[in-house]
Amino acid sequence: MRRTSYCGLVRETHIGQTVTACGWVQTKRDMGGVVFIDLRDREGVLQVVFNVADFADSQEFSIAEGLRNESVILVEGTVRLRDAETVNPKIATGTVELAASHIELLSQATTLPYDLSEGVNVREDLRLKYRYLDIRRPEMLDNLKFRHKLQKVSEDYLDGAGFIQVETPMLTKSTPEGARDYLVPSRVHPGNWYALPQSPQLFKQLLMVGGVDKYYQVARCFRDEDLRADRQPEFTQVDMEMSFIEQEDVLRHLEGLFKDVSGKMLPDNKSIQELIQKPFPRFTWQEAMDRFGSDKPDIRFGLEIIDLTDIARTCSFAVFRKVTDKGGIVRAINVKGGNSFTRTTIENLTTKAQSYGAGGMAWIAIRDDGERYSILSKYFKESEMDAIVERVGAKPGDFILFCADKPKTVYRTLGGLRQDIADLLGLRKKDEFAYCIITDFPLFEYSEEENRFVAQHHPFTMPYEEDLPYMLSDPGRVRAQAYDFVLNGVELGSGSIRIHRPDVQELMFKALGFSDEEAQSRFGFLINAFRYGTPPHGGFAFGLDRLVMLMVGADSLRDVIAFPKVKDASCLMTDAPNIVDQEQLEVLKLCTGTIEAGQGAASGAAGKKTPAKVSAARVAKLAMLEFTKEQEKAIEKDLDGMIAFADRLSELNAEGVAATAHIADLRNVMREDNVVTPFDRDLMLKNAPTSGDGFVTVAVKGEV
């Protein structure tokens with residue numbers, strides 16, 4: 001290729017020079033003997049003028065006349081000033097043009113599936129199907145360039161701080177705890193599986209055991225979870241880990257990193273330049289929940305949550321009082337100037353409150369003359385109303401909204417309404433930024449599904465020393481040395497100080513209900529490594545995609561990822577996931593009744609026949625049945641026996657035996673297939689002794 005300059009980089013300093021440019025035809029205007037095209041490449045657009053008088057070969061000029069939009073060409077010519085009336089101040093090359101003397105058609109474009117000039121007005125599913133065309137949009141290209149620069153600035157900062165970049169494996173062991181793994185079958189070890197990493201968590205801790213001291217990696221991560229605007233099944237995070245540090249060391253390092261990156265990426269943004277001059281605000285997890293109803297608060301605006309539980313506990317309003325009697329809380333938000341809300345707006349907010357789990361939304365409007373307008377007025381004494389108004393700092397023209405319920409419901413409801421009202425009032429501007437740091441997360445959270453406490457982060461997070469006595473007796477009160485960095489209400493990433501003491505790790509596994517065997521099975525390689533000298537260490541990882549999304553003002557991660565997935569984790573462009581050839585499955589032994597494997601790929605037991613396992617719980621779910629644990633074990637034993645019997649049958653030599661539909665010689669067994677009225681379901685089940693959760697109880701052999 002003879003390209004001498006990008007289209008978008010030609011300037012007045014190039015006037016008089018011969019330039020060769022390549023790119024896509026964005027638009028064409030044929031004036032009869034003179035053809036104007038806008039030639040576009042990665043760096044921008046350049047106007048190219050083809051004049052028939054400048055071409056000795058008329059056939060070459062006819063190439064310009066026959067160009068179609070988005071065709072790819074090479075053009076050679078002389079840079080000159082545009083005529084004054086044709087200057088375009090909207091583009092960087094708007095004062096110059098290229099007077100073409102030579103053209104080569106490199107690739108003629110066929111009719112496009114949509115008009116690229118319509119940009120985001122085109123349906124997103126169509127743009128994602130033809131993503132390679134969508135990337136040609138200047139906005140998409142700018143986002144990808146911004147992403148590249150942000151990643152480089154981050155790496156430069158980490159390099160300067162003494163971090164070493166180390167790659168960790170993509171094919172690793174599944175350690176089920178958290179989101180679901182993406183699994184990869186092993187051909188070499190049939191019946192065994194790799195997992196794609198949800199994060200490099202275990203490996204980066206092993207690097208600290210290995211003495212790397214400061215590690216980082218721009219890591220690809222995979223999580224099989226439901227998608228949303230700020231989540232993808234495969235994503236990129238800037239991952240790091242440090243040895244011989246305490247929590248404060250990590251927080252200072254991260255604050256420096258985010259200030260450096262923000263200042264360099266958005267040097268002209270006023271709010272960024274202001275925030276990097278002062279410390280990031282810090283909140284404990286409990287403080288963030290109490291004040292903002294969220295552990296990832298947007299602090300660009302006020303609308304803080306006010307606690308009224310003490311007033312409600314003795315008030316005249318029975319609804320509030322009963323909530324507090326049951327251990328619930330009563331909280332409120334004062335919306336300055338919210339008295340202007342229309343009835344429709346208030347009804348919409350009430351509907352949103354109900355969608356968050358609240359029973360409704362009580363409110364008080366204070367009119368401009370100070371009169372209080374609310375149905376609550378008849379339930380409260382005037383002194384109680386005065387106390388509420390004073391507590392929330394309400395003035396004439398304000399609007400107070402309440403939520404009374406269990407703490408979880410109140411946090412979720414008021415945290416959600418706080419953001420909804422901010423959007424309603426235009427308080428969340430994309431060009432304004434506010435970081436904050438959240439610390440002291442609960443070490444455990446209770447899982448209703450599993451009926452036990454689970455690790456809120458992961459089972460290697462260090463608790464505070466003073467909370468260790470409560471690990472088994474009162475796990476709900478134990479705080480973790482864990483921290484999040486939040487930008488504009490979006491969690492950029494999480495980190496923690498890790499457990500390096502065997503006694504604390506053993507206590508952690510015990511609190512989580514792991515037996516020694518289970519802990520060894522899941523995390524044995526890490527536990528064993530810690531026996532050989534482990535430095536105190538901690539780390540963090542932030543989502544590169546998320547930070548780019550926020551800084552460029554995009555609405556979705558899909559706008560900053562070259563080839564993203566959609567909500568159901570599929571790729572509209574490549575049609576992935578998709579079926580594969582039967583032969584590929586057979587090579588992986590995914591279609592046979594037995595698999596050749598030992599207890600693990602590394603066990604050396606290859607060649608041993610192990611029957612395929614069937615989960616009784618999965619069978620129950622598919623068949624709409626409910627079993628006890630004892631029944632599940634018995635059923636799995638029966639199913640294993642059936643599979644083993646089928647395997648023995650498959651090993652019989654059936655060569656020369658004619659295929660048959662049934663072992664018995666059947667004759668005259670066909671009956672006429674008449675449609676009859678089905679039995680009434682309720683009638684069939686009316687004698688069932690008990691029912692519940694969509695099931696009915698029936699007698700099982702050996703049980704009453």
# chains A, B, ... in the order shown; residues from 1 in each chain; ligands from 1
$ residues_around --residues "A:Arg137" --least-positions-apart "5" --cutoff "10 Å" --atoms "only C-alpha atoms" --output "list of chain:residue names"
A:Arg42, A:Leu116, A:Ser117, A:Glu118, A:Gly119, A:Val120, A:Tyr132, A:Asp142
$ write_last_selection --atoms "N, CA and C atoms" --output "mmCIF file, in the first residue's frame"
data_model
loop_
_atom_site.group_PDB
_atom_site.id
_atom_site.type_symbol
_atom_site.label_atom_id
_atom_site.label_comp_id
_atom_site.auth_asym_id
_atom_site.auth_seq_id
_atom_site.Cartn_x
_atom_site.Cartn_y
_atom_site.Cartn_z
ATOM 1 N N ARG A 42 -10.142 5.745 9.741
ATOM 2 C CA ARG A 42 -10.192 5.704 11.201
ATOM 3 C C ARG A 42 -10.065 7.086 11.835
ATOM 4 N N LEU A 116 -25.789 3.663 6.903
ATOM 5 C CA LEU A 116 -24.888 3.945 8.020
ATOM 6 C C LEU A 116 -25.039 5.365 8.547
ATOM 7 N N SER A 117 -25.507 6.276 7.711
ATOM 8 C CA SER A 117 -25.642 7.668 8.149
ATOM 9 C C SER A 117 -26.721 7.837 9.201
ATOM 10 N N GLU A 118 -27.619 6.846 9.347
ATOM 11 C CA GLU A 118 -28.675 6.939 10.353
ATOM 12 C C GLU A 118 -28.181 6.631 11.754
ATOM 13 N N GLY A 119 -26.969 6.061 11.871
ATOM 14 C CA GLY A 119 -26.345 5.855 13.172
ATOM 15 C C GLY A 119 -27.193 5.060 14.134
ATOM 16 N N VAL A 120 -27.328 5.597 15.366
ATOM 17 C CA VAL A 120 -28.023 4.870 16.425
ATOM 18 C C VAL A 120 -29.530 4.820 16.213
ATOM 19 N N TYR A 132 -19.574 -5.194 12.187
ATOM 20 C CA TYR A 132 -18.415 -4.678 11.454
ATOM 21 C C TYR A 132 -18.765 -3.401 10.691
ATOM 22 N N ASP A 142 -14.462 6.062 17.992
ATOM 23 C CA ASP A 142 -13.946 6.924 19.061
ATOM 24 C C ASP A 142 -13.979 6.199 20.401
#
$ residues_around --residues "stretch 260-270 of chain A" --least-positions-apart "4" --cutoff "8 Å" --atoms "only C-alpha atoms" --output "PyMOL selection string"
chain A and resi 149-150+153-154+157+256+274+276+431-432+551
$ atom_distance --atom1 "atom CA of A:Ala362" --atom2 "atom CA of A:Gly426"
23.3 Å
$ atom_distance --atom1 "atom CA of A:His537" --atom2 "atom CA of A:Ile245"
6.0 Å
$ atom_distance --atom1 "atom CA of A:Tyr379" --atom2 "atom CA of A:Thr314"
12.6 Å
